[in-house]
Each structure stands twice: as structure tokens, then as C-alpha cells.
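Q: What follows is model.csv; its format and atoms are CSV, C-alpha atoms.
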```
chain,number,residue,atom,x,y,z
D,37,MET,CA,-26.9,-49.0,10.5
D,38,SER,CA,-25.6,-51.6,12.9
D,39,LYS,CA,-21.9,-52.0,13.6
D,40,PRO,CA,-20.1,-53.8,10.7
D,41,GLU,CA,-18.1,-56.9,11.5
D,42,PHE,CA,-14.4,-56.2,12.2
D,43,VAL,CA,-11.3,-58.2,12.6
D,44,GLU,CA,-9.4,-55.9,15.0
D,45,SER,CA,-10.2,-53.2,17.4
D,46,LEU,CA,-7.8,-50.3,18.1
D,47,ASN,CA,-8.2,-48.3,21.3
D,48,CYS,CA,-7.3,-44.6,20.8
D,49,ARG,CA,-9.2,-43.3,23.7
D,50,LYS,CA,-7.7,-40.2,25.4
D,51,LEU,CA,-5.1,-39.9,22.7
D,52,SER,CA,-4.6,-36.4,21.1
D,53,CYS,CA,-4.3,-35.5,17.5
D,54,PRO,CA,-2.6,-36.9,15.5
D,55,LEU,CA,-1.9,-40.2,17.4
D,56,PRO,CA,-5.3,-41.8,16.5
D,57,ILE,CA,-4.5,-41.3,12.8
D,58,LEU,CA,-0.9,-42.5,13.1
D,59,LYS,CA,-2.1,-45.7,15.0
D,60,THR,CA,-4.9,-46.2,12.5
D,61,LYS,CA,-2.5,-46.1,9.6
D,62,LYS,CA,-0.2,-48.7,11.3
D,63,ALA,CA,-3.1,-51.0,12.1
D,64,ILE,CA,-4.6,-50.8,8.6
D,65,ASP,CA,-1.2,-51.6,7.1
D,66,LYS,CA,-1.3,-54.9,9.0
D,67,LEU,CA,-4.8,-56.0,7.7
D,68,GLU,CA,-5.7,-57.8,4.5
D,69,VAL,CA,-7.6,-56.0,1.8
D,70,GLY,CA,-11.3,-56.2,2.6
D,71,GLN,CA,-10.9,-56.5,6.3
D,72,VAL,CA,-12.4,-53.9,8.6
D,73,LEU,CA,-10.7,-52.1,11.5
D,74,GLU,CA,-12.7,-50.7,14.5
D,75,MET,CA,-11.1,-47.6,16.0
D,76,VAL,CA,-12.4,-46.0,19.1
D,77,ALA,CA,-11.3,-42.4,19.9
D,78,THR,CA,-12.3,-39.7,22.3
D,79,ASP,CA,-10.6,-36.8,20.5
D,80,PRO,CA,-13.5,-34.5,19.4
D,81,GLY,CA,-11.5,-33.7,16.2
D,82,SER,CA,-11.3,-37.4,15.2
D,83,LEU,CA,-14.5,-37.4,13.0
D,84,PRO,CA,-13.2,-34.8,10.5
D,85,ASP,CA,-9.7,-36.2,10.8
D,86,VAL,CA,-10.6,-39.8,10.1
D,87,THR,CA,-12.9,-38.7,7.3
D,88,ALA,CA,-10.1,-36.7,5.7
D,89,TRP,CA,-7.6,-39.5,6.2
D,90,ALA,CA,-9.8,-42.0,4.6
D,91,ARG,CA,-10.4,-39.7,1.6
D,92,GLN,CA,-6.7,-39.1,1.1
D,93,THR,CA,-5.6,-42.7,1.5
D,94,GLN,CA,-8.7,-44.1,-0.3
D,95,HIS,CA,-9.6,-46.6,2.4
D,96,LYS,CA,-13.3,-46.8,3.1
D,97,LEU,CA,-14.9,-45.4,6.2
D,98,VAL,CA,-17.8,-47.9,6.2
D,99,HIS,CA,-19.5,-46.6,9.3
D,100,HIS,CA,-19.1,-44.3,12.3
D,101,GLU,CA,-21.1,-43.5,15.3
D,102,LYS,CA,-20.9,-41.6,18.5
D,103,GLN,CA,-21.7,-43.3,21.9
D,104,ASN,CA,-21.6,-40.9,24.8
D,105,ASP,CA,-18.2,-39.2,24.3
D,106,GLU,CA,-16.6,-41.9,22.3
D,107,PHE,CA,-16.3,-42.1,18.5
D,108,TYR,CA,-16.5,-45.5,16.8
D,109,PHE,CA,-15.0,-45.8,13.4
D,110,TYR,CA,-15.1,-48.8,11.0
D,111,ILE,CA,-12.6,-48.6,8.2
D,112,GLU,CA,-12.3,-51.1,5.4
D,113,LYS,CA,-8.8,-51.6,3.9
D,114,THR,CA,-9.3,-51.2,0.2
D,115,HIS,CA,-5.8,-51.6,-1.2
E,197,MET,CA,-3.1,-41.4,-3.2
E,198,THR,CA,-5.6,-39.4,-5.1
E,199,ASP,CA,-3.7,-38.6,-8.2
E,200,GLY,CA,-3.1,-41.8,-10.0
E,201,ASN,CA,0.1,-43.4,-8.6
E,202,LYS,CA,1.9,-40.1,-7.8
E,203,LYS,CA,2.0,-39.5,-4.1
E,204,LYS,CA,1.2,-36.1,-2.8
E,205,LYS,CA,4.2,-34.3,-1.4
E,206,LEU,CA,4.7,-32.1,1.7
E,207,ALA,CA,7.8,-30.0,2.0
E,208,MET,CA,8.4,-28.1,5.3
E,209,ILE,CA,11.1,-25.8,6.7
E,210,ALA,CA,11.6,-26.0,10.5
E,211,SER,CA,13.5,-22.9,11.4
E,212,LYS,CA,12.8,-22.6,15.2
E,213,GLY,CA,14.3,-24.5,18.0
E,214,THR,CA,11.9,-24.0,20.9
E,215,LEU,CA,9.8,-26.7,22.3
E,216,ASP,CA,6.5,-25.2,21.1
E,217,MET,CA,7.8,-24.7,17.6
E,218,ALA,CA,9.3,-28.2,17.3
E,219,TYR,CA,5.8,-29.8,17.5
E,220,PRO,CA,4.0,-28.4,14.4
E,221,PRO,CA,6.5,-29.7,11.7
E,222,LEU,CA,6.7,-33.1,13.4
E,223,LEU,CA,2.9,-33.5,14.0
E,224,LEU,CA,2.2,-32.5,10.4
E,225,ALA,CA,5.0,-34.6,9.0
E,226,THR,CA,3.8,-37.8,10.7
E,227,THR,CA,0.2,-37.2,9.9
E,228,ALA,CA,1.0,-36.6,6.2
E,229,ALA,CA,3.1,-39.7,6.1
E,230,ALA,CA,0.1,-41.6,7.6
E,231,MET,CA,-1.9,-40.2,4.7
E,232,ASP,CA,0.5,-41.7,2.2
E,233,TYR,CA,2.2,-38.3,1.4
E,234,GLU,CA,5.9,-38.1,0.6
E,235,VAL,CA,7.3,-35.8,3.3
E,236,GLY,CA,10.5,-33.9,3.8
E,237,ILE,CA,11.5,-31.4,6.5
E,238,PHE,CA,14.5,-29.1,6.1
E,239,PHE,CA,15.9,-28.2,9.6
E,240,THR,CA,17.7,-24.9,9.4
E,241,PHE,CA,19.0,-22.3,11.8
E,242,TYR,CA,17.6,-22.9,15.3
E,243,GLY,CA,15.4,-25.7,13.9
E,244,LEU,CA,18.5,-27.8,13.6
E,245,ASP,CA,18.3,-28.3,17.4
E,246,ILE,CA,15.3,-30.5,16.8
E,247,ILE,CA,17.5,-33.2,15.2
E,248,ASN,CA,20.6,-32.5,17.4
E,249,LYS,CA,21.2,-35.6,19.6
E,250,LYS,CA,22.4,-33.5,22.5
E,251,LYS,CA,19.6,-31.0,22.3
E,252,TYR,CA,16.4,-32.5,21.0
E,253,LYS,CA,15.3,-33.8,24.4
E,254,LYS,CA,16.1,-30.5,26.1
E,255,LEU,CA,14.2,-28.0,23.9
E,256,LYS,CA,12.7,-25.1,25.9
E,257,VAL,CA,9.9,-22.6,25.7
E,258,SER,CA,10.5,-19.1,27.0
E,259,PRO,CA,7.8,-16.9,28.7
E,260,ILE,CA,9.6,-13.7,27.5
E,261,ALA,CA,7.7,-11.8,24.8
E,262,ASN,CA,5.3,-14.7,24.6
E,263,PRO,CA,1.9,-13.7,26.0
E,264,ALA,CA,0.5,-17.1,25.1
E,265,ALA,CA,3.2,-19.0,27.0
E,266,PRO,CA,2.1,-21.7,29.4
E,267,MET,CA,2.9,-19.3,32.2
E,268,PRO,CA,2.0,-15.8,31.0
E,269,VAL,CA,4.1,-13.5,33.1
E,270,PRO,CA,5.3,-9.9,32.6
E,271,ASN,CA,8.5,-9.8,30.6
E,272,MET,CA,10.4,-8.3,33.5
E,273,LEU,CA,9.6,-11.4,35.6
E,274,GLY,CA,10.2,-13.7,32.6
E,275,MET,CA,13.8,-12.6,32.6
E,276,LEU,CA,14.4,-14.0,36.1
E,277,PRO,CA,16.5,-17.1,36.3
E,278,GLY,CA,14.5,-20.3,36.3
E,279,MET,CA,11.5,-18.8,34.5
E,280,THR,CA,12.2,-20.5,31.2
E,281,GLY,CA,12.7,-23.8,33.0
E,282,MET,CA,9.4,-23.4,34.8
E,283,ALA,CA,7.5,-22.5,31.6
E,284,THR,CA,9.1,-25.5,29.8
E,285,LYS,CA,8.1,-27.8,32.7
E,286,MET,CA,4.6,-26.5,32.7
E,287,MET,CA,4.2,-27.0,28.9
E,288,LYS,CA,5.6,-30.5,29.0
E,289,SER,CA,3.1,-31.4,31.8
E,290,TRP,CA,0.2,-30.0,29.8
E,291,MET,CA,1.2,-31.9,26.7
E,292,ASN,CA,1.6,-35.0,28.8
E,293,ASN,CA,-1.8,-34.7,30.4
E,294,ALA,CA,-3.4,-34.3,27.0
E,295,ASN,CA,-1.6,-37.4,25.8
E,296,VAL,CA,0.2,-35.6,23.0
E,297,ALA,CA,3.1,-37.7,21.6
E,298,LYS,CA,6.5,-36.7,22.9
E,299,LEU,CA,9.0,-35.2,20.5
E,300,PRO,CA,11.4,-38.2,20.5
E,301,GLU,CA,8.5,-40.4,19.8
E,302,LEU,CA,7.3,-38.2,16.9
E,303,LEU,CA,10.8,-38.2,15.5
E,304,GLU,CA,11.0,-42.0,15.6
E,305,ILE,CA,7.5,-42.3,14.0
E,306,ALA,CA,8.6,-39.8,11.3
E,307,GLN,CA,11.7,-41.8,10.5
E,308,GLU,CA,9.9,-45.1,10.6
E,309,SER,CA,7.3,-43.8,8.1
E,310,GLY,CA,9.9,-42.6,5.7
E,311,VAL,CA,9.9,-38.8,6.3
E,312,ILE,CA,13.1,-37.4,5.0
E,313,LEU,CA,14.9,-35.2,7.6
E,314,PHE,CA,17.2,-32.8,5.9
E,315,GLY,CA,19.9,-31.1,8.0
E,316,CYS,CA,21.0,-27.7,6.7
E,317,GLN,CA,24.7,-28.0,6.0
E,318,MET,CA,25.3,-24.2,6.1
E,319,THR,CA,23.7,-24.0,9.6
E,320,MET,CA,26.0,-26.8,10.7
E,321,ASP,CA,29.0,-24.9,9.5
E,322,VAL,CA,27.9,-21.7,11.1
E,323,MET,CA,27.1,-23.2,14.5
E,324,GLY,CA,29.9,-25.8,14.5
E,325,VAL,CA,27.6,-28.8,14.5
E,326,LYS,CA,29.1,-32.0,13.2
E,327,GLU,CA,27.2,-34.7,11.4
E,328,THR,CA,27.8,-37.0,14.4
E,329,ASP,CA,26.0,-34.5,16.6
E,330,LEU,CA,22.8,-35.2,14.6
E,331,LEU,CA,20.4,-38.1,15.0
E,332,GLU,CA,21.0,-41.2,12.8
E,333,GLY,CA,19.6,-41.1,9.3
E,334,ILE,CA,19.7,-37.3,8.6
E,335,THR,CA,20.3,-36.2,5.1
E,336,THR,CA,22.6,-33.2,5.3
E,337,CYS,CA,22.4,-30.9,2.3
E,338,GLY,CA,22.1,-27.3,1.2
E,339,ALA,CA,19.3,-25.1,0.0
E,340,ALA,CA,19.5,-26.3,-3.6
E,341,ASN,CA,19.0,-29.9,-2.7
E,342,PHE,CA,15.9,-29.1,-0.5
E,343,LEU,CA,14.4,-26.9,-3.2
E,344,ASP,CA,14.9,-29.7,-5.7
E,345,PHE,CA,12.8,-31.9,-3.3
E,346,ALA,CA,10.2,-29.2,-2.7
E,347,SER,CA,9.9,-28.1,-6.3
E,348,ASP,CA,7.0,-30.4,-7.1
E,349,ALA,CA,5.5,-30.4,-3.6
E,350,ASP,CA,1.7,-30.1,-3.2
E,351,VAL,CA,2.0,-28.4,0.2
E,352,THR,CA,4.9,-26.3,1.4
E,353,LEU,CA,5.1,-24.8,4.9
E,354,PHE,CA,7.6,-22.6,6.6
E,355,ILE,CA,7.6,-23.0,10.4
```
Reformat the file's structure so that it appears as C-alpha cells.
A:
Amino acid sequence: MSKPEFVESLNCRKLSCPLPILKTKKAIDKLEVGQVLEMVATDPGSLPDVTAWARQTQHKLVHHEKQNDEFYFYIEKTH
Amino acid sequence: MTDGNKKKKLAMIASKGTLDMAYPPLLLATTAAAMDYEVGIFFTFYGLDIINKKKYKKLKVSPIANPAAPMPVPNMLGMLPGMTGMATKMMKSWMNNANVAKLPELLEIAQESGVILFGCQMTMDVMGVKETDLLEGITTCGAANFLDFASDADVTLFI
């Protein structure tokens, strides 16, 4: 799957847990329902963390991929 | 929110006032708040230092009886003057290099995101801590008040 379209990109490279999650939450709050956020992290724990966060908050992790040592997440605001 | 409209709830007790033990409750609290949980932390005994204006920026970690300390040294040496300061400095630089949020930053995020910070009134009385010694926005209360908050929590932790 190719990268979905997104309205904003959030750079969380080099940040440790839980800062990528805290920043993602803040960024999602500012979006409109249906818009997609791109978040880029280097924390190796970010994949299970973002997945769990999306499950708990019920926002939609539309797509994610790993490029070299960077994790790209695409999260759609659902409510 | 997975359970209809009722938010999940996390209730924690922070009972330790060392630098290393101040992190877990604040990291978990801010993360849970970001996951739309309702969160409260009861700061009691030494944990009260984490929300003490005069102390929260000066929390320390000791190498004594702490084999996992940033600077693992024999206890005999750990007792020497300056060793706690050295271990504290070392831990802070490690946290900094790994880009972990600093404690004051975490406290600010916690308060911004609605985490309730309960200050233990009994500890304040015992240790001579006044309400004005604590950070702004602390709810001072006793055990019963915190238990009332925690009684329907989904996750409870004692740290």
C-alpha cells in the first residue's frame, strides 16, 4: 500500500517513549475528523505503542511502514 | 474510549521521592491521559517531593544499596560525600541523551491533560509541608478521598 494522503506531518525522531504518543495525541486533537496525520518516529517501541494507542482511543491507524530505522505512521482522526 | 462513553481510569500511588522513582508514575500518567484515560496520582510520603515546588527539580538518585544505579559502586564507596550527586548527574545526562522528557515537563503535560494530582494531607502534616510549598493545582486530601477516586479504576498501581 502506498502512503495515504495526510494534512500534517509530526516529527518524533529520536524522542523516547512516551513523547511520540503524547505529541501524537496533541496533534490529532487539532485535526478535523477524517483528516490523516503522518507521524515519524525512531523509537523501536513505537509500533506496538502507536497500535495500542489507536486501539484505546479508537482513532484509525490507516497505514504504517518502516524505512531504514524510521517508522512512518498514518493515523486518521475518527471522532 | 472502549467502553461506551465511560472513560477508563488509572489510579496510582507515588510513594518514592527519588529521581528514578519519580519517572514511572508521571510517564504512565501522561501516556494514559493521551489514551483518553481519566488519571489520578496520589503523592504520599516521600512521593510528595515530586510535587514540592522547592524539591521537584532537585530529586536525586543514590548509588547506595542500588546495584542497578547509573554508577554501580560498592556501598562503602557510595557513602562517600558527593557520590549521590554524581549518580544523579549521570542519570540525568543519560535521560537527556535518550531524549526522555524532563520531570518538570512531564508534570506540566500531566496537568495540561487533566491528570489529577492528589497531595497527601497527612504527609504534609507529618513533614511540615504547607499547601503553598506544593505546585499550583494540587488537590490536597486524605486516603478516603483518593480511595473514592480509585474505587472504580480499571488500573491501579503502587509505585
Q: So that I can see what lies close to Ala88 of chain D, please list as a list in words the residues with an atom at most 10 Å from it, counting only C-alpha atoms and leaving out residues fewer than 6 positions away in the same chain.
A: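 Contacts, with the query itself left out: Ser82, Gln94 and Leu97 of chain D; Met231 of chain E.
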Q: Next, dump the selected residues to file, keeping only C-alpha atoms, as a CSV table (one decimal), keeping the file's coordinate frame.
A:
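The new file out-v7.csv reads:
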```
chain,number,residue,atom,x,y,z
D,82,SER,CA,-11.3,-37.4,15.2
D,94,GLN,CA,-8.7,-44.1,-0.3
D,97,LEU,CA,-14.9,-45.4,6.2
E,231,MET,CA,-1.9,-40.2,4.7
```
Q: Counting all atoms listed in the file, what are the residues of chain D within 9 Å of chain E, and for each of them which pair of atoms is the nearest and at what distance in Å, to one decimal? Sort the table by chain and rising number, as a Markdown table.
A:
```
| residue | atom | partner | partner_atom | distance |
| --- | --- | --- | --- | --- |
| D:Lys50 | CA | E:Asn295 | CA | 6.7 |
| D:Leu51 | CA | E:Asn295 | CA | 5.3 |
| D:Ser52 | CA | E:Val296 | CA | 5.2 |
| D:Cys53 | CA | E:Val296 | CA | 7.1 |
| D:Pro54 | CA | E:Thr227 | CA | 6.3 |
| D:Leu55 | CA | E:Ala297 | CA | 7.0 |
| D:Ile57 | CA | E:Thr227 | CA | 6.9 |
| D:Leu58 | CA | E:Ala230 | CA | 5.7 |
| D:Lys59 | CA | E:Ala230 | CA | 8.7 |
| D:Thr60 | CA | E:Ala230 | CA | 8.4 |
| D:Lys61 | CA | E:Ala230 | CA | 5.6 |
| D:Lys62 | CA | E:Ala230 | CA | 8.0 |
| D:Ala88 | CA | E:Met231 | CA | 9.0 |
| D:Trp89 | CA | E:Met231 | CA | 5.9 |
| D:Ala90 | CA | E:Met231 | CA | 8.1 |
| D:Arg91 | CA | E:Thr198 | CA | 8.2 |
| D:Gln92 | CA | E:Met197 | CA | 6.1 |
| D:Thr93 | CA | E:Met197 | CA | 5.5 |
| D:Gln94 | CA | E:Met197 | CA | 6.9 |
```
Q: Might you pull out every residue within 9 Å of Leu67 of chain D, with only C-alpha atoms counted and same-chain residues fewer than 4 positions away left off, and present them as a list in words?
A: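 The contact residues come out as Val43, Glu44, Ala63, Gln71, Val72, Leu73 and Lys113 of chain D.
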Q: Could you list as a list in words every residue that has an atom within 12 Å of (20.9, -36.6, 1.9), using the file's coordinates and counting all atoms listed in the file?
A: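 I get Gly236, Ile237, Phe238, Ile312, Leu313, Phe314, Gly315, Cys316, Gln317, Glu327, Glu332, Gly333, Ile334, Thr335, Thr336, Cys337, Gly338, Ala339, Ala340, Asn341, Phe342, Asp344 and Phe345 of chain E for the residues within 12 Å of that point.
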Q: When you look at Ala207 of chain E with a cut-off of 9 Å (counting only C-alpha atoms), what residues show up, excluding the ones that are within fewer than 5 positions of it in the same chain? I need them as a list in words.
A: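 Non-adjacent residues within range: Ala225, Glu234, Val235, Gly236, Ile237, Phe238, Phe342, Leu343, Phe345, Ala346, Ser347, Ala349, Asp350, Val351, Thr352, Leu353 and Phe354 of chain E.
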Q: What is the distance, in Å and to one decimal place, between atom CA of Thr284 of chain E and atom CA of Pro80 of chain D?
A: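 So the two atoms, atom CA of Thr284 of chain E and atom CA of Pro80 of chain D, lie 26.5 Å apart.
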Q: Please report the interatomic distance between atom CA of Gly213 of chain E and atom CA of Ile246 of chain E in Å with one decimal.
A: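 So the two atoms, atom CA of Gly213 of chain E and atom CA of Ile246 of chain E, lie 6.2 Å apart.
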Q: What does the structure give for the distance between atom CA of Ser258 of chain E and atom CA of Asp216 of chain E, in Å to one decimal?
A: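 Pair atom CA of Ser258 of chain E / atom CA of Asp216 of chain E returns 9.4 Å.
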Q: So that I can see what lies close to segment 104-109 of chain D, please list as JSON, numbers by chain the residues with an atom at most 9 Å from it, counting only C-alpha atoms and leaving out residues fewer than 6 positions away in the same chain.
A: {"D": [49, 73, 74, 75, 76, 77, 78, 79, 80, 82, 83, 86, 97, 98]}
Q: Rank nothing, just name the residue among E:Met267, E:Leu273, E:Met208, E:Val311 nearest to Phe239 of chain E, using all atoms listed in the file.
A: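 Among the listed residues, E:Met208 lies closest to Phe239 of chain E.
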Q: Write out as a count of residues only which residues come within 10 Å of segment 217-220 of chain E when counting all atoms listed in the file, dropping same-chain ones fewer than 5 positions away.
A: 20
Q: Rebuild segment 263-282 of chain E so that it carries N, CA and C atoms, then output the result as a PDB file, keeping the file's coordinate frame.
A:
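Done, and the output landed in result25.pdb:
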```pdb
ATOM      1  N   PRO E 263       3.087 -13.796  25.153  1.00  0.00           N
ATOM      2  CA  PRO E 263       1.900 -13.700  26.000  1.00  0.00           C
ATOM      3  C   PRO E 263       1.056 -14.943  26.056  1.00  0.00           C
ATOM      4  N   ALA E 264       1.262 -15.838  25.087  1.00  0.00           N
ATOM      5  CA  ALA E 264       0.500 -17.100  25.100  1.00  0.00           C
ATOM      6  C   ALA E 264       1.236 -18.223  25.755  1.00  0.00           C
ATOM      7  N   ALA E 265       2.369 -17.907  26.397  1.00  0.00           N
ATOM      8  CA  ALA E 265       3.200 -19.000  27.000  1.00  0.00           C
ATOM      9  C   ALA E 265       2.378 -19.682  28.100  1.00  0.00           C
ATOM     10  N   PRO E 266       2.816 -20.915  28.426  1.00  0.00           N
ATOM     11  CA  PRO E 266       2.100 -21.700  29.400  1.00  0.00           C
ATOM     12  C   PRO E 266       1.955 -20.886  30.740  1.00  0.00           C
ATOM     13  N   MET E 267       2.927 -20.034  31.014  1.00  0.00           N
ATOM     14  CA  MET E 267       2.900 -19.300  32.200  1.00  0.00           C
ATOM     15  C   MET E 267       2.988 -17.794  31.845  1.00  0.00           C
ATOM     16  N   PRO E 268       1.860 -17.158  31.494  1.00  0.00           N
ATOM     17  CA  PRO E 268       2.000 -15.800  31.000  1.00  0.00           C
ATOM     18  C   PRO E 268       2.393 -14.860  32.159  1.00  0.00           C
ATOM     19  N   VAL E 269       3.603 -14.368  32.097  1.00  0.00           N
ATOM     20  CA  VAL E 269       4.100 -13.500  33.100  1.00  0.00           C
ATOM     21  C   VAL E 269       4.635 -12.212  32.467  1.00  0.00           C
ATOM     22  N   PRO E 270       4.668 -11.093  33.208  1.00  0.00           N
ATOM     23  CA  PRO E 270       5.300  -9.900  32.600  1.00  0.00           C
ATOM     24  C   PRO E 270       6.688 -10.171  32.186  1.00  0.00           C
ATOM     25  N   ASN E 271       7.109  -9.545  31.079  1.00  0.00           N
ATOM     26  CA  ASN E 271       8.500  -9.800  30.600  1.00  0.00           C
ATOM     27  C   ASN E 271       9.541  -9.583  31.607  1.00  0.00           C
ATOM     28  N   MET E 272       9.354  -8.571  32.441  1.00  0.00           N
ATOM     29  CA  MET E 272      10.400  -8.300  33.500  1.00  0.00           C
ATOM     30  C   MET E 272      10.590  -9.510  34.362  1.00  0.00           C
ATOM     31  N   LEU E 273       9.505 -10.199  34.707  1.00  0.00           N
ATOM     32  CA  LEU E 273       9.600 -11.400  35.600  1.00  0.00           C
ATOM     33  C   LEU E 273      10.152 -12.576  34.763  1.00  0.00           C
ATOM     34  N   GLY E 274       9.753 -12.612  33.473  1.00  0.00           N
ATOM     35  CA  GLY E 274      10.200 -13.700  32.600  1.00  0.00           C
ATOM     36  C   GLY E 274      11.701 -13.773  32.491  1.00  0.00           C
ATOM     37  N   MET E 275      12.341 -12.640  32.747  1.00  0.00           N
ATOM     38  CA  MET E 275      13.800 -12.600  32.600  1.00  0.00           C
ATOM     39  C   MET E 275      14.515 -13.208  33.828  1.00  0.00           C
ATOM     40  N   LEU E 276      13.793 -13.422  34.889  1.00  0.00           N
ATOM     41  CA  LEU E 276      14.400 -14.000  36.100  1.00  0.00           C
ATOM     42  C   LEU E 276      14.937 -15.388  35.847  1.00  0.00           C
ATOM     43  N   PRO E 277      16.019 -15.756  36.523  1.00  0.00           N
ATOM     44  CA  PRO E 277      16.500 -17.100  36.300  1.00  0.00           C
ATOM     45  C   PRO E 277      15.486 -18.153  36.716  1.00  0.00           C
ATOM     46  N   GLY E 278      15.433 -19.198  35.934  1.00  0.00           N
ATOM     47  CA  GLY E 278      14.500 -20.300  36.300  1.00  0.00           C
ATOM     48  C   GLY E 278      13.145 -20.180  35.618  1.00  0.00           C
ATOM     49  N   MET E 279      12.832 -18.996  35.068  1.00  0.00           N
ATOM     50  CA  MET E 279      11.500 -18.800  34.500  1.00  0.00           C
ATOM     51  C   MET E 279      11.295 -19.656  33.245  1.00  0.00           C
ATOM     52  N   THR E 280      12.314 -19.724  32.395  1.00  0.00           N
ATOM     53  CA  THR E 280      12.200 -20.500  31.200  1.00  0.00           C
ATOM     54  C   THR E 280      12.034 -22.006  31.537  1.00  0.00           C
ATOM     55  N   GLY E 281      12.784 -22.428  32.522  1.00  0.00           N
ATOM     56  CA  GLY E 281      12.700 -23.800  33.000  1.00  0.00           C
ATOM     57  C   GLY E 281      11.293 -24.123  33.481  1.00  0.00           C
ATOM     58  N   MET E 282      10.733 -23.145  34.196  1.00  0.00           N
ATOM     59  CA  MET E 282       9.400 -23.400  34.800  1.00  0.00           C
ATOM     60  C   MET E 282       8.349 -23.442  33.661  1.00  0.00           C
TER      61      MET E 282
END
```
